[in-house]
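So this one's start_33.txt, compact mmCIF, C-alpha atoms:
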# COMPACT_ATOMS: atom_id res chain seq x y z
CA MET A 1 5.02 -12.63 -18.39
CA ILE A 2 2.00 -14.74 -17.47
CA PRO A 3 0.78 -16.80 -20.44
CA ARG A 4 -2.67 -15.73 -21.56
CA ARG A 5 -3.93 -19.32 -21.31
CA ALA A 6 -2.82 -19.57 -17.66
CA PHE A 7 -4.48 -16.28 -16.78
CA LEU A 8 -7.76 -17.26 -18.42
CA ALA A 9 -7.66 -20.62 -16.66
CA ALA A 10 -7.26 -18.88 -13.32
CA LEU A 11 -10.18 -16.62 -14.11
CA ALA A 12 -12.36 -19.58 -14.95
CA ALA A 13 -11.45 -21.27 -11.67
CA ALA A 14 -12.13 -18.21 -9.52
CA ALA A 15 -15.44 -19.60 -8.20
CA THR A 16 -13.94 -21.96 -5.63
CA ALA A 17 -15.65 -24.50 -3.43
CA PRO A 18 -17.19 -23.15 -0.23
CA GLY A 19 -14.73 -22.83 2.65
CA LEU A 20 -13.77 -20.57 5.49
CA SER A 21 -14.53 -16.86 5.20
CA TRP A 22 -13.37 -13.74 7.00
CA ALA A 23 -16.33 -14.23 9.37
CA ASP A 24 -14.47 -17.26 10.74
CA ALA A 25 -11.60 -14.92 11.68
CA GLY A 26 -13.92 -12.54 13.55
CA SER A 27 -14.84 -10.38 10.54
CA PRO A 28 -11.91 -7.95 10.85
CA ALA A 29 -12.22 -4.62 9.10
CA TYR A 30 -8.46 -3.97 8.97
CA LEU A 31 -5.04 -5.59 9.12
CA ALA A 32 -2.03 -3.79 10.61
CA ALA A 33 1.55 -4.82 11.36
CA ALA A 34 3.20 -3.74 14.59
CA ARG A 35 6.27 -4.02 16.78
CA GLU A 36 5.24 -5.56 20.09
CA ALA A 37 6.29 -4.36 23.54
CA ASP A 38 8.87 -7.17 23.80
CA GLY A 39 10.47 -6.20 20.47
CA SER A 40 8.87 -8.96 18.42
CA TYR A 41 6.63 -8.34 15.42
CA ALA A 42 3.06 -9.32 14.65
CA LEU A 43 0.15 -8.90 12.28
CA HIS A 44 -3.07 -7.73 13.95
CA GLY A 45 -6.65 -8.05 12.82
CA LEU A 46 -8.73 -5.06 13.94
CA ALA A 47 -12.46 -4.49 14.18
CA GLY A 48 -14.02 -1.37 12.70
CA ASP A 49 -13.50 0.52 15.97
CA GLY A 50 -9.86 -0.57 16.24
CA ALA A 51 -10.45 -3.35 18.77
CA ALA A 52 -8.00 -6.25 18.46
CA LEU A 53 -9.51 -9.47 17.06
CA PHE A 54 -6.38 -11.55 16.52
CA ARG A 55 -2.59 -11.32 16.64
CA ILE A 56 -0.25 -13.49 14.56
CA ALA A 57 3.51 -13.46 15.12
CA LEU A 58 5.83 -12.39 12.27
CA PRO A 59 9.52 -13.36 12.02
CA ALA A 60 10.66 -9.81 11.25
CA ARG A 61 9.31 -6.33 10.74
CA GLY A 62 6.38 -6.19 8.37
CA HIS A 63 5.51 -3.30 6.12
CA ALA A 64 2.10 -3.84 4.62
CA GLY A 65 0.20 -6.69 3.12
CA THR A 66 -2.88 -7.66 1.25
CA ALA A 67 -5.98 -9.63 2.16
CA HIS A 68 -7.63 -12.26 0.02
CA PRO A 69 -11.06 -10.99 -1.09
CA LYS A 70 -12.92 -14.08 0.17
CA ALA A 71 -10.74 -16.54 2.10
CA PRO A 72 -9.38 -15.50 5.52
CA GLU A 73 -5.82 -15.32 4.22
CA ALA A 74 -3.41 -12.41 4.41
CA VAL A 75 -0.06 -11.98 2.73
CA ALA A 76 2.36 -10.03 4.90
CA PHE A 77 5.47 -8.63 3.24
CA ALA A 78 8.85 -7.76 4.68
CA ARG A 79 9.95 -4.16 4.68
CA ARG A 80 11.90 -3.14 1.58
CA PRO A 81 14.32 -4.60 0.52
CA GLY A 82 12.90 -7.81 1.97
CA THR A 83 12.87 -11.13 0.19
CA PHE A 84 10.02 -12.90 2.01
CA GLY A 85 6.26 -12.82 2.05
CA LEU A 86 4.11 -14.87 4.41
CA VAL A 87 0.73 -16.31 3.46
CA ILE A 88 -1.12 -16.43 6.78
CA ASP A 89 -4.20 -18.38 7.78
CA CYS A 90 -5.94 -15.74 9.90
CA VAL A 91 -8.37 -18.24 11.46
CA HIS A 92 -5.80 -20.66 12.86
CA GLY A 93 -2.90 -18.20 13.12
CA LYS A 94 -0.45 -20.24 11.09
CA VAL A 95 1.77 -19.61 8.10
CA LEU A 96 0.50 -21.49 5.06
CA LYS A 97 3.33 -20.60 2.72
CA VAL A 98 6.57 -18.64 2.72
CA LEU A 99 7.03 -16.75 -0.54
CA GLU A 100 10.63 -16.15 -1.50
CA SER A 101 11.52 -13.64 -4.17
CA PRO A 102 13.40 -15.19 -7.10
CA GLU A 103 17.10 -14.72 -7.59
CA GLY A 104 17.82 -11.12 -8.52
CA ARG A 105 14.55 -9.79 -7.07
CA HIS A 106 13.33 -8.33 -3.82
CA PHE A 107 9.88 -7.33 -2.64
CA TYR A 108 8.77 -3.74 -2.03
CA GLY A 109 6.29 -4.52 0.75
CA HIS A 110 2.97 -4.45 -1.13
CA GLY A 111 0.77 -6.65 -3.28
CA CYS A 112 -2.79 -7.31 -4.39
CA PHE A 113 -5.04 -10.07 -5.72
CA ILE A 114 -6.66 -10.33 -9.14
CA ALA A 115 -8.65 -13.03 -10.98
CA GLY A 116 -11.17 -13.27 -8.16
CA GLY A 117 -8.39 -13.93 -5.65
CA ASP A 118 -6.65 -16.69 -7.59
CA ILE A 119 -3.58 -14.67 -8.60
CA LEU A 120 -1.41 -12.71 -6.17
CA CYS A 121 0.56 -9.82 -7.64
CA THR A 122 3.70 -8.52 -5.89
CA THR A 123 5.76 -5.40 -6.53
CA GLU A 124 9.42 -6.30 -7.00
CA ASN A 125 12.79 -4.93 -7.96
CA ASP A 126 14.77 -6.59 -10.76
CA TYR A 127 17.92 -4.94 -9.45
CA THR A 128 20.31 -6.34 -12.05
CA ALA A 129 18.31 -4.96 -14.97
CA ARG A 130 17.34 -1.84 -12.93
CA ARG A 131 13.62 -2.18 -13.62
CA GLY A 132 10.44 -2.84 -11.73
CA VAL A 133 8.46 -6.04 -12.16
CA ILE A 134 5.18 -7.47 -10.88
CA GLY A 135 5.46 -11.06 -9.71
CA LEU A 136 2.50 -13.38 -10.35
CA TRP A 137 1.67 -16.25 -7.98
CA ASP A 138 -1.10 -18.83 -8.47
CA ARG A 139 -3.00 -19.42 -5.23
CA ARG A 140 -4.75 -22.53 -6.52
CA GLN A 141 -1.31 -24.09 -7.04
CA GLY A 142 -0.16 -23.30 -3.52
CA TYR A 143 1.06 -19.82 -4.45
CA ARG A 144 3.40 -21.13 -7.11
CA ARG A 145 5.12 -18.38 -9.06
CA ILE A 146 3.84 -18.48 -12.63
CA GLY A 147 5.57 -15.48 -14.16
CA GLU A 148 6.09 -11.75 -14.02
CA ILE A 149 5.18 -8.66 -16.00
CA PRO A 150 6.88 -5.25 -16.18
CA SER A 151 5.76 -2.44 -13.88
CA HIS A 152 6.88 0.01 -16.61
CA GLY A 153 9.04 1.96 -14.21
CA ILE A 154 11.69 1.78 -11.52
CA GLY A 155 10.93 1.08 -7.88
CA PRO A 156 7.29 -0.06 -7.93
CA HIS A 157 6.01 0.31 -4.39
CA GLU A 158 2.28 0.02 -3.81
CA MET A 159 -0.11 -1.47 -6.36
CA LEU A 160 -3.88 -1.80 -6.42
CA ALA A 161 -6.31 -3.78 -8.58
CA LEU A 162 -8.97 -1.67 -10.30
CA PRO A 163 -12.14 -2.99 -11.98
CA GLY A 164 -11.32 -5.31 -14.85
CA ASP A 165 -8.12 -6.41 -13.06
CA VAL A 166 -6.27 -3.36 -14.30
CA LEU A 167 -3.28 -2.80 -12.03
CA VAL A 168 -2.41 0.74 -11.00
CA VAL A 169 1.22 0.86 -9.92
CA ALA A 170 3.09 3.54 -7.98
CA ASN A 171 6.53 3.47 -9.59
CA GLY A 172 8.55 5.44 -7.07
CA GLY A 173 11.38 6.02 -9.54
CA ILE A 174 14.13 5.25 -7.03
CA GLU A 175 16.80 2.69 -7.90
CA THR A 176 17.97 0.45 -5.06
CA HIS A 177 20.13 -2.64 -4.63
CA PRO A 178 20.06 -5.12 -1.74
CA ASP A 179 23.85 -4.85 -1.38
CA ARG A 180 23.32 -1.17 -0.55
CA GLY A 181 20.43 -1.64 1.88
CA ARG A 182 17.99 1.25 1.66
CA ASP A 183 20.38 3.59 -0.17
CA LYS A 184 18.82 5.56 -3.02
CA LEU A 185 21.09 5.29 -6.04
CA ASN A 186 19.64 7.56 -8.74
CA ILE A 187 18.09 10.63 -7.11
CA PRO A 188 19.34 13.14 -9.75
CA SER A 189 17.78 11.14 -12.59
CA MET A 190 14.78 9.49 -10.94
CA GLN A 191 11.49 9.47 -12.87
CA PRO A 192 8.45 8.42 -10.84
CA SER A 193 5.28 7.41 -12.61
CA LEU A 194 1.76 6.15 -12.10
CA ALA A 195 1.25 3.23 -14.47
CA TYR A 196 -1.95 1.42 -15.43
CA VAL A 197 -1.01 -2.11 -16.49
CA SER A 198 -3.06 -5.02 -17.85
CA PRO A 199 -2.66 -8.51 -16.30
CA GLN A 200 -0.72 -9.47 -19.43
CA GLY A 201 1.78 -6.63 -18.86
CA GLU A 202 0.53 -4.07 -21.40
CA LEU A 203 0.99 -0.43 -20.42
CA LEU A 204 -2.51 1.03 -20.76
CA GLU A 205 -1.82 4.55 -19.51
CA GLU A 206 0.99 6.39 -17.74
CA LEU A 207 1.17 9.55 -15.68
CA ARG A 208 4.48 11.34 -15.16
CA LEU A 209 5.02 14.37 -12.96
CA PRO A 210 6.30 17.72 -14.26
CA GLU A 211 10.08 17.87 -14.56
CA ALA A 212 10.33 20.22 -11.56
CA LEU A 213 8.81 17.44 -9.45
CA HIS A 214 10.83 14.52 -10.82
CA ARG A 215 12.22 13.92 -7.30
CA ASN A 216 8.71 13.43 -5.89
CA SER A 217 8.57 9.66 -5.45
CA ILE A 218 5.05 8.25 -6.00
CA ARG A 219 4.74 5.64 -3.26
CA HIS A 220 1.27 4.84 -1.93
CA LEU A 221 -2.19 4.53 -3.41
CA ALA A 222 -5.88 4.57 -2.64
CA ALA A 223 -8.71 4.03 -5.10
CA ARG A 224 -12.40 4.83 -5.12
CA PRO A 225 -14.88 2.43 -6.75
CA ASP A 226 -15.51 4.90 -9.57
CA GLY A 227 -11.85 4.78 -10.64
CA LEU A 228 -10.51 7.92 -8.94
CA VAL A 229 -6.98 7.15 -7.72
CA ALA A 230 -5.19 9.07 -4.97
CA PHE A 231 -1.41 8.85 -4.76
CA ALA A 232 0.91 9.92 -1.96
CA MET A 233 4.43 11.17 -2.63
CA GLN A 234 7.75 11.44 -0.80
CA TRP A 235 10.03 14.30 -1.79
CA GLN A 236 13.70 13.49 -2.30
CA GLY A 237 14.85 17.10 -2.13
CA GLU A 238 15.08 19.53 0.79
CA VAL A 239 12.55 18.63 3.50
CA SER A 240 11.52 22.27 3.79
CA ASP A 241 10.45 22.48 0.13
CA PRO A 242 6.65 22.99 0.06
CA VAL A 243 5.98 20.52 -2.75
CA PRO A 244 2.60 18.78 -3.22
CA LEU A 245 2.44 15.36 -1.58
CA LEU A 246 -1.01 14.26 -2.77
CA GLY A 247 -2.20 13.66 -6.30
CA LEU A 248 -5.59 12.67 -7.70
CA HIS A 249 -5.94 11.00 -11.07
CA ARG A 250 -8.61 9.45 -13.22
CA ARG A 251 -7.71 7.63 -16.43
CA GLY A 252 -7.93 9.87 -19.46
CA ALA A 253 -7.75 13.08 -17.42
CA PRO A 254 -4.91 15.25 -16.13
CA ALA A 255 -3.73 14.82 -12.55
CA ILE A 256 -4.66 17.19 -9.73
CA LEU A 257 -1.76 17.97 -7.38
CA ALA A 258 -3.20 19.03 -4.04
CA GLU A 259 -1.52 21.30 -1.50
CA ALA A 260 -2.25 22.85 1.88
CA ASP A 261 -1.26 26.40 2.72
CA LEU A 262 2.48 27.17 2.76
CA GLY A 263 3.12 26.65 6.47
CA GLU A 264 1.23 23.38 6.63
CA GLN A 265 2.85 22.09 3.45
CA MET A 266 6.32 22.78 4.88
CA ALA A 267 5.34 21.12 8.16
CA MET A 268 4.79 17.80 6.34
CA ARG A 269 8.59 17.66 5.85
CA GLY A 270 8.29 16.34 2.31
CA TYR A 271 6.84 13.00 3.37
CA ALA A 272 3.44 11.36 2.99
CA GLY A 273 3.40 7.91 4.57
CA SER A 274 -0.11 6.66 3.77
CA VAL A 275 -3.15 7.75 1.79
CA ALA A 276 -6.83 6.78 2.02
CA PHE A 277 -10.30 7.86 1.00
CA ASP A 278 -12.73 8.28 3.86
CA GLY A 279 -15.63 5.88 4.32
CA ILE A 280 -17.94 7.92 2.13
CA GLY A 281 -15.33 8.68 -0.52
CA GLY A 282 -15.77 12.45 -0.56
CA GLN A 283 -12.52 13.19 1.26
CA VAL A 284 -8.97 11.90 1.00
CA GLY A 285 -6.26 12.02 3.65
CA ILE A 286 -2.48 11.68 3.77
CA THR A 287 -0.31 11.19 6.83
CA SER A 288 3.16 12.42 7.73
CA PRO A 289 4.82 10.67 10.68
CA ARG A 290 7.74 13.06 10.27
CA GLY A 291 5.50 16.08 10.47
CA GLY A 292 3.03 14.59 12.96
CA ARG A 293 0.07 15.47 10.76
CA ILE A 294 -2.90 14.19 8.82
CA HIS A 295 -3.91 16.44 5.93
CA VAL A 296 -7.48 16.11 4.72
CA PHE A 297 -8.64 17.25 1.27
CA ASP A 298 -11.90 16.95 -0.62
CA ASP A 299 -12.05 14.91 -3.80
CA THR A 300 -11.35 17.98 -5.95
CA GLY A 301 -8.03 18.56 -4.16
CA ALA A 302 -9.21 21.44 -1.96
CA PHE A 303 -7.54 21.50 1.45
CA ALA A 304 -9.97 20.84 4.32
CA ALA A 305 -8.06 20.31 7.57
CA SER A 306 -4.79 19.58 9.34
CA LEU A 307 -4.89 17.18 12.29
CA HIS A 308 -1.90 16.92 14.59
CA ARG A 309 -0.64 13.67 16.13
CA GLY A 310 2.96 12.58 16.66
CA ASP A 311 4.25 9.67 14.55
CA VAL A 312 0.90 9.12 12.84
CA CYS A 313 1.15 7.06 9.66
CA GLY A 314 -1.42 4.29 9.15
CA LEU A 315 -4.65 5.49 7.52
CA ALA A 316 -7.79 3.80 6.21
CA GLY A 317 -11.38 4.75 5.51
CA SER A 318 -13.99 4.16 8.21
CA PRO A 319 -17.76 4.75 8.32
CA GLY A 320 -17.22 7.98 10.27
CA GLY A 321 -14.27 9.24 8.24
CA PHE A 322 -10.81 7.72 8.73
CA LEU A 323 -9.11 5.30 11.08
CA ALA A 324 -5.50 6.28 11.86
CA THR A 325 -2.70 4.58 13.80
CA ASP A 326 0.52 5.89 15.32
CA GLY A 327 3.84 4.63 16.58
CA GLN A 328 2.75 4.82 20.21
CA GLY A 329 -0.03 2.27 19.81
CA GLY A 330 -2.79 4.81 19.36
CA VAL A 331 -5.81 4.11 17.17
CA TRP A 332 -7.80 7.21 16.22
CA GLN A 333 -11.01 8.15 14.50
CA ALA A 334 -10.28 11.11 12.26
CA GLY A 335 -12.09 13.52 10.01
CA ALA A 336 -12.00 17.13 8.93
CA GLU A 337 -13.57 18.04 12.27
CA GLY A 338 -10.69 16.54 14.30
CA LEU A 339 -9.21 13.48 16.02
CA SER A 340 -10.73 11.34 18.75
CA ALA A 341 -9.05 8.43 20.55
CA ALA A 342 -10.56 5.05 19.74
CA ARG A 343 -8.15 2.52 21.23
CA ARG A 344 -4.64 2.15 22.55
CA ALA A 345 -2.55 -1.00 22.15
CA ASP A 346 0.71 -2.05 23.79
CA CYS A 347 2.60 -1.91 20.51
CA ALA A 348 4.04 0.44 17.91
CA TRP A 349 1.93 0.36 14.77
CA ASP A 350 3.83 0.21 11.51
CA ASN A 351 3.22 2.36 8.44
CA HIS A 352 -0.03 1.02 7.03
CA VAL A 353 -3.55 -0.13 7.77
CA VAL A 354 -4.97 -2.54 5.18
CA THR A 355 -8.72 -2.44 4.63
CA LEU A 356 -10.50 -5.71 4.06
Could you show the structure in this file as C-alpha cells?
Amino acid sequence: MIPRRAFLAALAAAATAPGLSWADAGSPAYLAAAREADGSYALHGLAGDGAALFRIALPARGHAGTAHPKAPEAVAFARRPGTFGLVIDCVHGKVLKVLESPEGRHFYGHGCFIAGGDILCTTENDYTARRGVIGLWDRRQGYRRIGEIPSHGIGPHEMLALPGDVLVVANGGIETHPDRGRDKLNIPSMQPSLAYVSPQGELLEELRLPEALHRNSIRHLAARPDGLVAFAMQWQGEVSDPVPLLGLHRRGAPAILAEADLGEQMAMRGYAGSVAFDGIGGQVGITSPRGGRIHVFDDTGAFAASLHRGDVCGLAGSPGGFLATDGQGGVWQAGAEGLSAARRADCAWDNHVVTL
C-alpha cells in the first residue's frame, strides 16, 4: 500500500517545471498498438482523423497503454500475462524506462495516471495469493515502484481514474497463472466486479453482477466526465447465449445492463472487445471482433444501431461520433447512422485505441 505521506507528497509536486507537451509530438488525439506488415510491433500516434503522426517500435505485441496527461509520454503494456511495460518518449521515439512487474506479479495490459500525472497505476495479478493488485509507480523518481493496493477482486483488467483520483477497476473475476499461459482457472466460481477504490486502497463502492451472470467477465471501461461509467463484458459460457455485454453504472445507483435484440445479441458471440462514449457523450458503443459488429446504445441503455465490420475492435470517441479500428488496418468514423472509411494503414490494429 502506498504510504499516505508519499501520496500527499506526490500530489504537492504535481505542478512540474515547464517542459515538452503533446504538441511537440504532433498533438495526437489517439494512441494505438499494431502488428506491422513485416510482423514487428509498434505504437502509433494518430490524429483526430486517423492519420499517422508517429510510429515507435515495440519489442513484442502490445495490448493497450496510457498517456501522461501533460508530458508526451506513453506507457505501453504487454498483452496479458506480460511482465513488461515501456515508458515511451513520444517526441524522440525512445524508451525512457522499462517497467518490470515484481516477483509473483504480471501485468494485465492497462494502467492510468493519478496525482496530476505523478503516479502511474497498473493492474496486476498476484498469482500466488490469487488476488488482484494495483501497482503504484512514482514518475518523479524515474517510475520507481512505491507500493501497491488491492483491486478488491480477481483479474483486474482495465482501470480508469475518476475525479478525485478515485480508481474504477474492472475486476474480470478470472484466475490465471503465468505457468498456464492464458488458461482460465476458475470459470465455475468466478465473480467479476466493478470496484471503486481510493488511492490508499480503500474500497469505496462495489458492483457485482446477478448470480446468473457470474461468468460475465467485466473487462473494459469508459467514463464520462459526470461520473457515468460504461463497462464491457466477455461471457465465459456458450457463445450463443444472448447475455448483455454492456453495463452502465453511476456510484450510488443500480447498474443498467444494456442489450440489443435477440439476433444481434447472439451475433456478438459473447464478446465485447472495447467500449467508448462518443465525442458528445450521449451514446456509448461496444465492439465485437468475433461478431464483426459495433453496437451503439444511448446513455440510458437503449439500443440504437448495429454496424458491421470484420475484426473491428478498437473504439474511441471522436467529434463526429466514434473512431474505430480493425485488424485489416482500417480506421473508421462510426455513429448510429453508419460507418465511413477514414484511413487505411499497412498494419493490423490491436484491440484498443487510447484517447489522449
Neighbour list for A:Ala57 as JSON, numbers by chain, cut-off 9 Å, only C-alpha atoms, skip fewer than 6 positions in-chain: {"A": [40, 41, 42, 43, 44, 93, 94]}
Any chance you could export the current selection's C-alpha atoms as a compact mmCIF listing (two decimals), in the frame of the given file?
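Output saved as selection.txt:
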# COMPACT_ATOMS: atom_id res chain seq x y z
CA SER A 40 8.87 -8.96 18.42
CA TYR A 41 6.63 -8.34 15.42
CA ALA A 42 3.06 -9.32 14.65
CA LEU A 43 0.15 -8.90 12.28
CA HIS A 44 -3.07 -7.73 13.95
CA GLY A 93 -2.90 -18.20 13.12
CA LYS A 94 -0.45 -20.24 11.09
Nearby residues (all atoms listed in the file) at most 9 Å from A:Ala33, same-chain spacing under 3 positions excluded, as JSON, numbers by chain: {"A": [41, 42, 43, 44, 45, 58, 61, 62, 63, 64, 65, 76, 348, 349, 350, 351, 352, 353]}
Nearest to A:Ile56, chosen from A:Ala170, A:Asp89, A:Ser193, A:Leu185, with all atoms listed in the file counted in the distances: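 Going through A:Ala170, A:Asp89, A:Ser193, A:Leu185 one by one, the smallest distance to A:Ile56 is for A:Asp89.
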Which residues are close to A:Gly155, i.e. within 10 Å by all atoms listed in the file, leaving aside same-chain residues fewer than 3 positions away? Reply as a PDB file with C-alpha atoms, in the coordinates of the input.
ATOM      1  CA  PHE A 107       9.880  -7.330  -2.640  1.00  0.00           C
ATOM      2  CA  TYR A 108       8.770  -3.740  -2.030  1.00  0.00           C
ATOM      3  CA  THR A 123       5.760  -5.400  -6.530  1.00  0.00           C
ATOM      4  CA  GLU A 124       9.420  -6.300  -7.000  1.00  0.00           C
ATOM      5  CA  ASN A 125      12.790  -4.930  -7.960  1.00  0.00           C
ATOM      6  CA  ASP A 126      14.770  -6.590 -10.760  1.00  0.00           C
ATOM      7  CA  TYR A 127      17.920  -4.940  -9.450  1.00  0.00           C
ATOM      8  CA  ARG A 130      17.340  -1.840 -12.930  1.00  0.00           C
ATOM      9  CA  ARG A 131      13.620  -2.180 -13.620  1.00  0.00           C
ATOM     10  CA  GLY A 132      10.440  -2.840 -11.730  1.00  0.00           C
ATOM     11  CA  VAL A 133       8.460  -6.040 -12.160  1.00  0.00           C
ATOM     12  CA  SER A 151       5.760  -2.440 -13.880  1.00  0.00           C
ATOM     13  CA  HIS A 152       6.880   0.010 -16.610  1.00  0.00           C
ATOM     14  CA  GLU A 158       2.280   0.020  -3.810  1.00  0.00           C
ATOM     15  CA  VAL A 169       1.220   0.860  -9.920  1.00  0.00           C
ATOM     16  CA  ALA A 170       3.090   3.540  -7.980  1.00  0.00           C
ATOM     17  CA  ASN A 171       6.530   3.470  -9.590  1.00  0.00           C
ATOM     18  CA  GLY A 172       8.550   5.440  -7.070  1.00  0.00           C
ATOM     19  CA  GLY A 173      11.380   6.020  -9.540  1.00  0.00           C
ATOM     20  CA  ILE A 174      14.130   5.250  -7.030  1.00  0.00           C
ATOM     21  CA  GLU A 175      16.800   2.690  -7.900  1.00  0.00           C
ATOM     22  CA  THR A 176      17.970   0.450  -5.060  1.00  0.00           C
ATOM     23  CA  MET A 190      14.780   9.490 -10.940  1.00  0.00           C
ATOM     24  CA  GLN A 191      11.490   9.470 -12.870  1.00  0.00           C
ATOM     25  CA  PRO A 192       8.450   8.420 -10.840  1.00  0.00           C
ATOM     26  CA  SER A 193       5.280   7.410 -12.610  1.00  0.00           C
ATOM     27  CA  SER A 217       8.570   9.660  -5.450  1.00  0.00           C
ATOM     28  CA  ILE A 218       5.050   8.250  -6.000  1.00  0.00           C
ATOM     29  CA  ARG A 219       4.740   5.640  -3.260  1.00  0.00           C
TER      30      ARG A 219
END
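Protein, DNA and RNA residues at most 10 Å from (-10.3, -4.5, -10.9), with only C-alpha atoms, are these: Phe113, Ile114, Ala115, Gly116, Leu160, Ala161, Leu162, Pro163, Gly164, Asp165, Val166, Leu167, Val168, Pro225 and Gly227 of chain A.
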Nearby residues, (-3.2, 6.0, -7.5) file frame, 7 Å, all atoms listed in the file, as a list of chain:residue names: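 It turns out the residues near that spot are A:Val168, A:Ala170, A:Leu194, A:Leu221, A:Ala222, A:Ala223, A:Val229, A:Ala230, A:Phe231, A:His249.
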With all atoms of stretch 66-81 of chain A from the file as input, state the centre and edge lengths in Å to one decimal of the axis-aligned box that has 8 Å extra on each side, as lines of an AutoDock Vina configuration file.
center_x = 0.7
center_y = -9.8
center_z = 2.2
size_x = 43.2
size_y = 29.4
size_z = 22.6
If we count all atoms listed in the file and set the cut-off at 12 Å, which residues sit around A:Val75, ignoring sequence neighbours fewer than 2 positions away in its own chain? Please answer as a tab-separated table (two decimals) with C-alpha atoms, in the coordinates of the input.
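Once written, out_15.tsv looks like this:
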chain	number	residue	atom	x	y	z
A	31	LEU	CA	-5.04	-5.59	9.12
A	32	ALA	CA	-2.03	-3.79	10.61
A	33	ALA	CA	1.55	-4.82	11.36
A	43	LEU	CA	0.15	-8.90	12.28
A	56	ILE	CA	-0.25	-13.49	14.56
A	58	LEU	CA	5.83	-12.39	12.27
A	62	GLY	CA	6.38	-6.19	8.37
A	63	HIS	CA	5.51	-3.30	6.12
A	64	ALA	CA	2.10	-3.84	4.62
A	65	GLY	CA	0.20	-6.69	3.12
A	66	THR	CA	-2.88	-7.66	1.25
A	67	ALA	CA	-5.98	-9.63	2.16
A	68	HIS	CA	-7.63	-12.26	0.02
A	69	PRO	CA	-11.06	-10.99	-1.09
A	71	ALA	CA	-10.74	-16.54	2.10
A	72	PRO	CA	-9.38	-15.50	5.52
A	73	GLU	CA	-5.82	-15.32	4.22
A	77	PHE	CA	5.47	-8.63	3.24
A	78	ALA	CA	8.85	-7.76	4.68
A	84	PHE	CA	10.02	-12.90	2.01
A	85	GLY	CA	6.26	-12.82	2.05
A	86	LEU	CA	4.11	-14.87	4.41
A	87	VAL	CA	0.73	-16.31	3.46
A	88	ILE	CA	-1.12	-16.43	6.78
A	89	ASP	CA	-4.20	-18.38	7.78
A	90	CYS	CA	-5.94	-15.74	9.90
A	94	LYS	CA	-0.45	-20.24	11.09
A	95	VAL	CA	1.77	-19.61	8.10
A	96	LEU	CA	0.50	-21.49	5.06
A	97	LYS	CA	3.33	-20.60	2.72
A	98	VAL	CA	6.57	-18.64	2.72
A	99	LEU	CA	7.03	-16.75	-0.54
A	109	GLY	CA	6.29	-4.52	0.75
A	110	HIS	CA	2.97	-4.45	-1.13
A	111	GLY	CA	0.77	-6.65	-3.28
A	112	CYS	CA	-2.79	-7.31	-4.39
A	113	PHE	CA	-5.04	-10.07	-5.72
A	117	GLY	CA	-8.39	-13.93	-5.65
A	120	LEU	CA	-1.41	-12.71	-6.17
A	121	CYS	CA	0.56	-9.82	-7.64
A	122	THR	CA	3.70	-8.52	-5.89
A	137	TRP	CA	1.67	-16.25	-7.98
A	139	ARG	CA	-3.00	-19.42	-5.23
A	143	TYR	CA	1.06	-19.82	-4.45
A	354	VAL	CA	-4.97	-2.54	5.18
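Interatomic distance, atom CA of A:Glu259 against atom CA of A:Pro242: 8.5 Å.
Rounded to one decimal, atom CA of A:His308 and atom CA of A:Asp278 lie 17.5 Å from each other.
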Nearest candidate to A:Asp179 (options A:Thr287, A:Thr128, A:Gln333, A:Gln200; using all atoms listed in the file):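 Residue with the minimum atom-to-atom distance to A:Asp179: A:Thr128.
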Between atom CA of A:Ala212 and atom CA of A:Asp261 - distance in Å to one decimal: 19.4 Å
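Candidate residues A:Trp235, A:Gly50, A:Arg251, A:Tyr271 were compared for distance to A:Phe322, and the nearest is A:Gly50, using only C-alpha atoms.
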Proximity to A:His177 - best of A:Ala129, A:Ala25, A:Ile149, A:Leu46, only C-alpha atoms: A:Ala129
Residue contacts of A:Leu245 (7 Å, all atoms listed in the file) excluding same-chain residues fewer than 5 positions away, as number ranges by chain: A: 232-234, 272
Which residue of A:Val312, A:Leu246, A:Ala29, A:Ile134 approaches A:Gly285 most closely, using only C-alpha atoms: A:Leu246
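Between A:Gly147 and the candidates A:Asp118, A:Ala336, A:Gly247, A:Gly201, the tightest atom-to-atom separation, counting all atoms listed in the file, involves A:Gly201.
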